Structure formats: structure tokens, C-alpha cells
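model26.txt (compact mmCIF, C-alpha atoms)
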```
# COMPACT_ATOMS: atom_id res chain seq x y z
CA MET A 1 -10.43 -36.92 -11.87
CA GLY A 2 -10.32 -40.14 -9.91
CA ASP A 3 -9.80 -38.31 -6.63
CA GLY A 4 -12.93 -36.20 -7.16
CA ARG A 5 -11.12 -33.02 -8.13
CA ARG A 6 -12.37 -31.29 -11.24
CA TYR A 7 -9.89 -30.76 -14.06
CA ILE A 8 -9.75 -27.19 -15.37
CA ASP A 9 -7.96 -26.93 -18.70
CA GLY A 10 -6.15 -23.98 -20.22
CA ALA A 11 -9.11 -22.99 -22.37
CA GLU A 12 -11.36 -22.51 -19.35
CA ARG A 13 -8.65 -20.61 -17.51
CA ARG A 14 -8.42 -18.24 -20.47
CA ALA A 15 -12.21 -17.85 -20.46
CA ARG A 16 -12.13 -16.91 -16.79
CA LEU A 17 -9.31 -14.45 -17.45
CA ALA A 18 -11.23 -12.76 -20.28
CA LEU A 19 -14.21 -12.02 -18.07
CA ARG A 20 -12.75 -11.50 -14.61
CA HIS A 21 -9.89 -9.32 -15.82
CA ARG A 22 -12.31 -7.12 -17.79
CA LEU A 23 -10.57 -7.77 -21.12
CA ALA A 24 -13.34 -9.18 -23.34
CA GLY A 25 -15.76 -6.63 -24.79
CA PRO A 26 -18.83 -7.56 -22.69
CA ALA A 27 -16.78 -7.44 -19.48
CA ARG A 28 -15.29 -3.95 -19.91
CA ALA A 29 -15.64 -1.51 -17.00
CA THR A 30 -17.00 2.02 -16.88
CA ALA A 31 -14.62 3.48 -14.27
CA PRO A 32 -11.05 3.01 -12.99
CA GLU A 33 -12.39 2.04 -9.56
CA ASP A 34 -14.20 -0.92 -11.13
CA VAL A 35 -10.99 -2.04 -12.84
CA ALA A 36 -8.98 -1.83 -9.62
CA ARG A 37 -11.60 -3.72 -7.62
CA SER A 38 -11.76 -6.42 -10.28
CA LEU A 39 -7.99 -6.91 -10.41
CA VAL A 40 -7.29 -6.29 -6.68
CA ALA A 41 -4.07 -4.42 -7.53
CA LEU A 42 -2.52 -2.55 -10.46
CA HIS A 43 1.25 -2.41 -10.75
CA GLY A 44 2.26 1.15 -9.92
CA SER A 45 6.07 1.24 -10.19
CA ASP A 46 5.74 2.85 -13.63
CA PRO A 47 2.97 5.48 -13.50
CA ALA A 48 2.06 4.91 -17.14
CA THR A 49 1.27 1.25 -16.44
CA VAL A 50 -1.66 2.23 -14.21
CA TYR A 51 -3.31 4.38 -16.85
CA LEU A 52 -2.68 2.00 -19.73
CA ALA A 53 -3.92 -1.00 -17.72
CA VAL A 54 -7.10 0.90 -16.85
CA GLY A 55 -7.60 2.16 -20.41
CA ALA A 56 -7.32 -1.35 -21.83
CA ARG A 57 -10.35 -2.35 -19.76
CA LEU A 58 -12.70 0.64 -20.07
CA THR A 59 -15.71 0.79 -22.32
CA ASP A 60 -14.60 4.33 -23.24
CA PRO A 61 -10.78 4.47 -23.22
CA ALA A 62 -10.85 8.18 -24.11
CA THR A 63 -11.84 8.91 -20.49
CA THR A 64 -8.85 7.06 -19.03
CA VAL A 65 -6.54 9.89 -17.98
CA ASP A 66 -9.14 12.25 -16.51
CA ALA A 67 -11.04 9.46 -14.75
CA THR A 68 -7.89 7.88 -13.29
CA ASP A 69 -6.56 11.27 -12.13
CA ARG A 70 -9.87 11.87 -10.39
CA ALA A 71 -9.85 8.47 -8.69
CA LEU A 72 -6.23 8.81 -7.55
CA TYR A 73 -5.89 12.46 -6.60
CA GLU A 74 -9.33 13.99 -6.08
CA ASP A 75 -11.65 11.29 -4.78
CA ARG A 76 -8.76 9.26 -3.33
CA ALA A 77 -10.72 6.13 -4.20
CA LEU A 78 -7.44 4.59 -5.40
CA VAL A 79 -4.14 4.71 -3.50
CA ARG A 80 -0.60 4.12 -4.77
CA MET A 81 1.40 2.35 -2.03
CA HIS A 82 3.88 -0.45 -1.40
CA GLY A 83 2.40 -3.91 -1.27
CA MET A 84 3.18 -7.47 -2.25
CA ARG A 85 6.82 -8.37 -2.90
CA HIS A 86 7.83 -4.86 -1.82
CA THR A 87 6.42 -3.51 -5.08
CA VAL A 88 4.43 -0.30 -5.58
CA PHE A 89 0.80 -0.99 -6.54
CA VAL A 90 -2.43 0.95 -6.89
CA PHE A 91 -5.19 -0.44 -4.66
CA PRO A 92 -8.78 0.50 -3.90
CA ALA A 93 -8.61 2.72 -0.80
CA ALA A 94 -10.70 0.21 1.15
CA LEU A 95 -7.88 -2.33 0.78
CA THR A 96 -5.08 -0.29 2.34
CA ALA A 97 -5.54 -1.79 5.80
CA VAL A 98 -5.66 -5.33 4.38
CA VAL A 99 -2.49 -4.86 2.33
CA HIS A 100 -0.67 -3.19 5.20
CA ALA A 101 -1.44 -5.97 7.68
CA SER A 102 -1.06 -8.90 5.28
CA THR A 103 2.13 -7.94 3.49
CA GLY A 104 3.49 -4.58 4.65
CA LEU A 105 4.37 -5.18 8.29
CA ASP A 106 6.92 -7.95 7.73
CA VAL A 107 8.56 -6.15 4.84
CA ALA A 108 8.63 -2.88 6.78
CA ALA A 109 10.48 -4.45 9.69
CA ARG A 110 13.14 -5.79 7.33
CA GLU A 111 13.44 -2.47 5.50
CA ARG A 112 13.94 -0.43 8.68
CA ALA A 113 16.47 -2.91 10.03
CA SER A 114 18.35 -2.79 6.71
CA LEU A 115 18.41 1.01 6.72
CA LEU A 116 19.75 1.16 10.29
CA LYS A 117 22.36 -1.49 9.50
CA ASP A 118 23.58 0.40 6.42
CA MET A 119 23.72 3.66 8.36
CA ALA A 120 25.67 2.05 11.21
CA LYS A 121 28.21 0.56 8.79
CA ALA A 122 28.71 3.99 7.25
CA GLY A 123 29.15 5.69 10.62
CA ALA A 124 25.90 7.63 10.18
CA PRO A 125 23.70 8.67 13.13
CA ASP A 126 21.76 6.08 15.13
CA ALA A 127 18.16 4.94 15.41
CA ALA A 128 17.17 7.65 17.88
CA TRP A 129 18.40 10.33 15.47
CA LEU A 130 16.53 8.70 12.59
CA ARG A 131 13.31 8.55 14.60
CA GLU A 132 13.61 12.25 15.40
CA VAL A 133 14.11 13.10 11.71
CA GLU A 134 11.20 10.86 10.79
CA GLU A 135 8.80 12.54 13.20
CA SER A 136 9.87 15.96 11.98
CA ALA A 137 9.41 14.96 8.32
CA LEU A 138 5.96 13.47 8.95
CA ALA A 139 4.89 16.64 10.78
CA ALA A 140 6.06 18.74 7.84
CA LEU A 141 4.18 16.50 5.41
CA ALA A 142 1.02 16.76 7.48
CA ARG A 143 1.26 20.56 7.37
CA ARG A 144 1.83 20.64 3.62
CA GLY A 145 -0.58 17.88 2.60
CA GLN A 146 1.74 16.83 -0.24
CA ALA A 147 5.43 17.46 -0.86
CA THR A 148 8.41 16.20 -2.81
CA ALA A 149 11.46 14.86 -0.99
CA THR A 150 13.26 18.11 -1.89
CA GLU A 151 10.48 20.23 -0.40
CA LEU A 152 10.48 18.18 2.79
CA ALA A 153 14.25 18.56 3.08
CA ARG A 154 13.84 22.33 3.11
CA GLU A 155 11.79 21.99 6.30
CA GLU A 156 13.88 19.14 7.76
CA PRO A 157 17.48 19.65 6.46
CA ARG A 158 18.70 16.44 8.08
CA LEU A 159 16.91 14.55 5.32
CA ARG A 160 19.76 15.70 3.04
CA GLU A 161 22.36 13.78 5.08
CA LYS A 162 24.25 11.26 2.95
CA PHE A 163 25.79 7.91 3.78
CA ALA A 164 27.69 5.34 1.75
CA TYR A 165 26.45 1.77 1.41
CA ALA A 166 27.92 -1.51 0.14
CA ALA A 167 31.45 -0.10 0.31
CA GLY A 168 33.87 -2.16 -1.77
CA LYS A 169 31.08 -3.89 -3.70
CA SER A 170 30.40 -3.45 -7.42
CA TYR A 171 27.09 -1.77 -6.52
CA GLU A 172 28.40 0.59 -3.83
CA GLY A 173 26.90 4.04 -3.80
CA VAL A 174 25.64 6.94 -1.75
CA HIS A 175 22.12 7.37 -0.40
CA THR A 176 20.46 10.39 1.10
CA VAL A 177 18.48 9.80 4.28
CA SER A 178 15.33 11.03 2.51
CA THR A 179 15.57 8.39 -0.25
CA ARG A 180 15.74 5.47 2.13
CA LEU A 181 13.58 6.85 4.93
CA LEU A 182 10.64 7.76 2.70
CA ARG A 183 10.80 4.29 1.19
CA VAL A 184 10.64 2.75 4.68
CA LEU A 185 7.76 5.03 5.67
CA GLY A 186 5.94 3.98 2.52
CA VAL A 187 6.23 0.29 3.35
CA GLU A 188 5.20 1.02 6.93
CA GLY A 189 1.99 2.55 5.65
CA LYS A 190 2.74 6.07 6.92
CA VAL A 191 3.09 7.81 3.55
CA VAL A 192 1.82 7.14 0.03
CA ARG A 193 2.72 8.45 -3.40
CA GLY A 194 0.74 11.52 -4.39
CA ARG A 195 0.22 13.51 -7.56
CA PRO A 196 3.15 13.44 -10.03
CA LEU A 197 5.11 16.60 -10.79
CA GLY A 198 4.46 16.37 -14.52
CA SER A 199 1.93 14.56 -16.66
CA TRP A 200 0.43 11.13 -16.00
CA THR A 201 3.58 9.53 -17.46
CA SER A 202 5.92 11.31 -15.03
CA SER A 203 7.97 9.20 -12.62
CA GLN A 204 8.61 12.19 -10.33
CA PHE A 205 5.99 12.40 -7.64
CA ARG A 206 5.00 14.00 -4.39
CA TRP A 207 4.52 12.20 -1.08
CA ALA A 208 1.32 12.44 0.95
CA PRO A 209 0.24 11.19 4.39
CA ALA A 210 -1.27 7.72 4.19
CA PRO A 211 -5.04 7.52 4.68
CA GLU A 212 -6.15 6.49 8.14
CA HIS A 213 -6.93 2.81 8.44
CA PRO A 214 -7.54 0.31 11.26
CA GLU A 215 -4.85 -2.13 12.35
CA LEU A 216 -6.03 -5.61 11.34
CA ASP A 217 -4.99 -9.07 12.47
CA ALA A 218 -2.29 -10.26 10.06
CA ALA A 219 -3.71 -13.76 9.54
CA GLU A 220 -7.21 -12.44 8.90
CA ALA A 221 -5.83 -9.84 6.49
CA ARG A 222 -3.91 -12.50 4.57
CA ALA A 223 -7.08 -14.58 4.26
CA ASP A 224 -9.01 -11.54 3.03
CA LEU A 225 -6.40 -10.63 0.41
CA LEU A 226 -6.02 -14.20 -0.80
CA LEU A 227 -9.80 -14.60 -1.14
CA ARG A 228 -10.01 -11.45 -3.25
CA TRP A 229 -7.09 -12.47 -5.48
CA LEU A 230 -8.19 -16.08 -5.92
CA THR A 231 -11.68 -14.88 -6.89
CA VAL A 232 -10.08 -12.94 -9.75
CA CYS A 233 -7.19 -15.23 -10.68
CA GLY A 234 -8.30 -18.70 -9.66
CA PRO A 235 -7.49 -21.37 -10.35
CA ALA A 236 -3.90 -20.87 -9.26
CA THR A 237 -1.20 -23.13 -7.88
CA GLU A 238 0.47 -22.79 -4.52
CA ALA A 239 3.57 -21.56 -6.38
CA ASP A 240 1.47 -18.85 -8.05
CA LEU A 241 0.04 -17.76 -4.71
CA LYS A 242 3.42 -17.66 -2.97
CA TRP A 243 4.95 -15.71 -5.84
CA TRP A 244 2.16 -13.12 -6.09
CA THR A 245 1.89 -12.45 -2.37
CA GLY A 246 5.56 -12.79 -1.44
CA TRP A 247 4.49 -14.71 1.69
CA ARG A 248 6.04 -17.77 3.24
CA VAL A 249 4.50 -21.00 2.02
CA THR A 250 3.15 -21.66 5.53
CA ASP A 251 1.24 -18.37 5.43
CA VAL A 252 -0.18 -19.24 2.01
CA ARG A 253 -1.37 -22.62 3.24
CA ARG A 254 -2.96 -21.16 6.37
CA ALA A 255 -4.80 -18.56 4.29
CA LEU A 256 -6.02 -21.22 1.85
CA ALA A 257 -7.36 -23.27 4.75
CA SER A 258 -8.93 -20.21 6.35
CA ILE A 259 -11.01 -19.36 3.26
CA GLY A 260 -11.95 -22.98 2.59
CA ALA A 261 -10.30 -23.01 -0.85
CA ARG A 262 -11.15 -25.97 -3.05
CA GLU A 263 -8.57 -28.11 -4.85
CA VAL A 264 -8.79 -28.63 -8.61
CA GLU A 265 -6.53 -30.33 -11.11
CA LEU A 266 -4.51 -28.22 -13.54
CA ASP A 267 -1.95 -29.13 -16.18
CA GLU A 268 0.67 -27.89 -13.70
CA GLY A 269 -0.71 -30.06 -10.88
CA THR A 270 -2.90 -29.08 -7.94
CA GLY A 271 -4.62 -25.73 -8.17
CA TYR A 272 -7.04 -23.82 -5.95
CA VAL A 273 -10.28 -21.94 -6.42
CA THR A 274 -12.55 -20.25 -3.91
CA ASP A 275 -15.35 -22.24 -2.35
CA GLY A 276 -18.25 -22.10 -4.80
CA ASP A 277 -16.08 -21.47 -7.88
CA VAL A 278 -15.56 -25.07 -8.99
CA GLU A 279 -18.24 -25.17 -11.68
CA PRO A 280 -17.36 -24.64 -15.37
CA VAL A 281 -17.17 -21.07 -16.65
CA ALA A 282 -18.24 -20.26 -20.21
CA GLY A 283 -16.22 -17.84 -22.29
CA PRO A 284 -17.25 -14.36 -23.43
CA GLY A 285 -18.85 -15.71 -26.61
CA GLU A 286 -16.90 -13.56 -29.01
CA PRO A 287 -13.22 -13.14 -29.97
CA TRP A 288 -11.27 -10.42 -28.19
CA ALA A 289 -7.92 -8.68 -28.44
CA ALA A 290 -6.01 -6.42 -26.07
CA LEU A 291 -2.83 -4.37 -25.95
CA LEU A 292 -1.61 -4.50 -22.35
CA PRO A 293 1.22 -2.41 -20.90
CA ALA A 294 4.43 -3.55 -19.30
CA LEU A 295 3.83 -5.05 -15.83
CA ASP A 296 0.12 -5.39 -16.47
CA PRO A 297 -1.50 -7.34 -13.61
CA THR A 298 -2.87 -9.96 -16.00
CA ALA A 299 0.46 -10.64 -17.68
CA MET A 300 2.18 -10.71 -14.26
CA GLY A 301 -0.64 -12.50 -12.43
CA TRP A 302 0.80 -16.01 -12.24
CA GLN A 303 4.26 -17.50 -11.85
CA GLN A 304 3.39 -20.50 -14.05
CA ARG A 305 2.32 -18.99 -17.37
CA ASP A 306 2.45 -21.66 -20.07
CA TRP A 307 -1.36 -21.74 -20.32
CA TYR A 308 -1.38 -18.19 -21.71
CA LEU A 309 2.24 -17.50 -22.73
CA ALA A 310 4.25 -19.68 -25.12
CA PRO A 311 7.68 -20.47 -23.62
CA GLU A 312 9.45 -19.34 -26.79
CA LEU A 313 8.11 -15.80 -26.26
CA ARG A 314 9.56 -15.42 -22.77
CA PRO A 315 13.07 -14.27 -23.74
CA LEU A 316 11.54 -11.72 -26.12
CA LEU A 317 9.11 -10.21 -23.61
CA PHE A 318 10.83 -10.35 -20.21
CA ASP A 319 13.78 -8.34 -18.87
CA TYR A 320 16.57 -9.78 -16.72
CA SER A 321 14.55 -9.12 -13.53
CA GLY A 322 11.54 -11.12 -14.73
CA ASN A 323 9.38 -8.11 -15.58
CA ILE A 324 7.23 -8.43 -18.68
CA GLY A 325 7.04 -5.74 -21.35
CA PRO A 326 3.98 -4.61 -23.35
CA THR A 327 2.00 -7.58 -24.69
CA VAL A 328 -0.46 -8.29 -27.50
CA TRP A 329 -3.30 -10.65 -26.51
CA TRP A 330 -5.69 -12.68 -28.64
CA ASN A 331 -8.43 -14.75 -26.98
CA GLY A 332 -6.54 -15.17 -23.73
CA ARG A 333 -3.07 -15.85 -25.10
CA VAL A 334 -0.05 -13.60 -25.42
CA VAL A 335 0.81 -13.60 -29.13
CA GLY A 336 3.48 -10.89 -29.23
CA GLY A 337 4.68 -7.53 -27.97
CA TRP A 338 4.07 -3.93 -28.99
CA ALA A 339 5.89 -0.62 -28.76
CA GLN A 340 5.33 3.01 -29.63
CA ARG A 341 7.76 4.38 -32.22
CA PRO A 342 9.52 7.67 -31.34
CA ASP A 343 7.70 9.37 -34.25
```

Can you turn what I pasted into C-alpha cells?
Amino acid sequence: MGDGRRYIDGAERRARLALRHRLAGPARATAPEDVARSLVALHGSDPATVYLAVGARLTDPATTVDATDRALYEDRALVRMHGMRHTVFVFPAALTAVVHASTGLDVAARERASLLKDMAKAGAPDAAWLREVEESALAALARRGQATATELAREEPRLREKFAYAAGKSYEGVHTVSTRLLRVLGVEGKVVRGRPLGSWTSSQFRWAPAPEHPELDAAEARADLLLRWLTVCGPATEADLKWWTGWRVTDVRRALASIGAREVELDEGTGYVTDGDVEPVAGPGEPWAALLPALDPTAMGWQQRDWYLAPELRPLLFDYSGNIGPTVWWNGRVVGGWAQRPD
């Protein structure tokens, strides 16, 4: 380019994706921990997504369930917790402090304030009462090691208290204190999701105390997280970065400056790569295909997706909330969707 910025076209971006997201044959991983480190975060709202995303990237997919169970629940090398955009993800355990400081603290403050506001509107007990219940519940969880919300409520009955919210609105309903409080504690980094009650596809789960981690400076943590993500997903636009992290644009720009990110030219406009990642990247050298699950971190990795997803496929693959379903990939492009028949 005339301004000295290198142009990175869609083909090279797809080559980077094939290798860095462990999708092409030569780039496959041998363990779930390697997959999680390579992708920074795996979407964890649907438990099955974690296993299917890992399995799509392993050299031996037959080991997926046992190896992922081990990493999550025995070795605790992977942790399922709230992260970017108030979404549940699975992270390498070493990243819990970074995620908590970079994204969790601001969201947690809003979540607790929202809970207290809803309780006050409903005439429910006040913040002092909630803090007392919280401390009691955390003590019970520490004694048990892991517990469901129902099991915790047996030890702290006040968790069963109910309050109405959004009265008069089309979405009004009733919440138990346990439902909202455990969600807040999750975002605050005090509890994490533990082993499910059923199989690896079960959406019912136990809670566990969060692993101990140091309190980091928020700006430094944002720079650390952005560096890791841009290493995997660069080049990316500012819009991509803001969308993935859920941060304010000022925080994104400060983090980009802090890591010395380099500007490149993309079809969408200005993009960013990490310092030292400007040079061309060759592809995997052989064709590749992948079946990725709904909410896979590759399919959801960027806000601007035309370089790997044809616009005409969007209404067929996305739900009303903007979440993508299972996708079929060929050489770095989404070419369709897949499903498992009931039989």
C-alpha cells in the first residue's frame, strides 16, 4: 500500500486460520489443553460445544470425551467461567486471572447492581442480607467442594427466596435468589462451573469454588488478553476486537497501543496484527475440511465475516441473537451447515 501498510487478502487470512485454529491436518493438536491455548477461549454456554470444538481439532478425535473430562474435572487445566461479553467460556487455568481482571470486574459490578435493583423493586431483602446469604453459600460450597444450586439451598435455605422482576413487562417473571446470585458470583470470579450432573452433553451442572488467582492490573490484563487473541486471530479490525472482548473502544485502542500492534490493510479497512506478524503466511499445503459445532470459536471469532462466510448463508446459519449453528468448512470458508438426525 502507498502508506506502507501491507495488504492481507482473504486467502492469506484463511491460511492463517487453518493453521492457528488447528483445523488443517498438519496443525491438529494432541490434547484439549493445546486446543484451548491455541484458541484462547472455547465457548462454554452449551457443554457439547466444548467437546465438539476440541474433537474437531485433535489428531485422534476418539479421545475427545475422556481427555476433555480429565482436563476440566481432574487436572483442572481448563476452567469453565464467565468471560468476554458476559458469556461462559472454557479457558486454560493460567488465564483465569487475566480474564477476571480484563473483562470480569466491570461486568460483575453491573450484574450485582442489577440484582440489587431488581430485588429492591420487588420488595426483597437488601444488600446486607444478600451479602450474608452469599458468605453462607460460599462457605457451604467450600465444605462440599462441588454442589448444585439445589444442594446449596439445603444448607442455606435463603437461597430459595423468590422475587419478581420486570413486573408489567412482556418478559416479567420470578427468579430465585440462587439463580441470580450464583450468576453474579460466577462473573465476580468466586465460583466456576463444575462437573455436569449427566453426560458430557448435559446442561445441568455443579458449582465449584473458583481457583485461586492473583489480582492483576486491569489495563495490563487487557493488553495480555488482546495479545493472545490477536496472535491467534490476527489480522482483525477494531470492530472485531471490540465485539470479541466486549470492551469500550477506548480500552481496545489502549490495549493495541500497549502491545505495539501493527496496522495492515484488509478488504474491510484497517486491521491489526501483533508486532512481528506482518510477514506473509503460507497455507497448510493441502486441502482440509471440518465440521464445527454451534458457537465454535472460529465461526464466532470475528464480527466482520465476509472473508470466510458468504453473506447469503447468514440467515440460514444464525439465530435471532446472532449465534451461529453447526458449520461445514472447506479450505477456510463456511460452505454450509450440518445436523444430526434423531435416528

message: Give me the residues near segment 85-87 of chain A as a PyMOL selection string, where near means some atom within 8 Å (using all atoms listed in the file) and where sequence neighbours in that chain fewer than 4 positions away do not count.
response: chain A and resi 43-45+103-104+107+187+244-246

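Distance-wise, atom CA of Arg253 of chain A and atom CA of Phe318 of chain A end up 29.1 Å apart.
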
- prompt: In terms of the shortest atom-to-atom distance over all atoms listed in the file, which of A:Glu151, A:Glu212, A:Glu263, A:Asp106 is closest to Asp3 of chain A?
  reply: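 Selected residue with least distance to Asp3 of chain A: A:Glu263.
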
- request: Could you tell me how far atom CA of Gly269 of chain A lies from atom CA of Arg6 of chain A, in Å and to one decimal?
  value: 11.7 Å

query: Got a sec to check which residues sit within 6 Å of (-1.6, -5.5, -12.6), counting only C-alpha atoms, and write them as an MDAnalysis selection string?
result: chainID A and resid 41:43 296:298

- prompt: Which distance in Å separates atom CA of Pro196 of chain A and atom CA of Arg80 of chain A, to one decimal?
  reply: 11.3 Å

task: Name the residues in contact with Gly336 of chain A at a cut-off of 9 Å, using all atoms listed in the file, excluding same-chain residues fewer than 5 positions from it; report them as a VMD selection string.
output: chain A and resid 313 316 to 317 326 to 329

message: Taking only C-alpha atoms into account, name the residue in A:Ala218, A:Val50, A:Ala223, A:Ala113 that is nearest to Leu295 of chain A.
response: A:Val50

task: Write out as a count of residues only the residues lying within 12 Å of Trp302 of chain A, counting only C-alpha atoms and excluding same-chain residues fewer than 6 positions away.
output: 25

query: At most 10 Å from (-10.1, -14.2, -16.5), file frame, only C-alpha atoms: which residues, as a list in words?
result: Glu12, Arg13, Arg14, Ala15, Arg16, Leu17, Ala18, Leu19, Arg20, His21, Arg22, Leu23, Ala24, Ala27, Leu39, Thr231, Val232, Cys233, Gly234, Pro235, Val281, Gly283, Pro284, Thr298 and Gly332 of chain A

Adding 8 Å on each side of the box along x, y and z that holds all listed atoms of segment 294-309 of chain A, could you give its centre and edge lengths in Å to one decimal, as lines of an AutoDock Vina configuration file?
```
center_x = 0.8
center_y = -12.6
center_z = -17.3
size_x = 23.3
size_y = 34.2
size_z = 26.9
```

field: Close residues, Glu188 of chain A itself excluded, 9 Å, all atoms listed in the file, min 2 positions apart in chain, as a list in words
entry: His82, His100, Gly104, Leu105, Val107, Ala108, Ala109, Arg183, Val184, Leu185, Gly186, Lys190 and Val191 of chain A

field: Proximity to Ala120 of chain A - best of A:Ala164, A:Leu181, A:Ala137, A:Ala261, all atoms listed in the file
entry: A:Ala164

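The residue that comes closest to Pro293 of chain A, out of A:Ala255, A:Ala339, A:Ala127, A:Ala36 and on the basis of only C-alpha atoms, is A:Ala339.
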
Which of A:Gly10, A:Gly168, A:Gly189, A:Gly173 sits closest to Val88 of chain A [using only C-alpha atoms]: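 The shortest atom-to-atom distance to Val88 of chain A comes from A:Gly189.
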
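Using all atoms listed in the file, the contacts of Val98 of chain A at a cut-off of 8 Å, with sequence neighbours closer than 2 positions omitted, comprise Leu95, Thr96, His100, Ala101, Ser102, Leu216, Ala221, Arg222, Asp224 and Leu225 of chain A.
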
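Counting only C-alpha atoms, the residue from A:Trp307, A:Trp129, A:Phe163, A:Tyr272 that sits nearest to Arg333 of chain A is A:Trp307.
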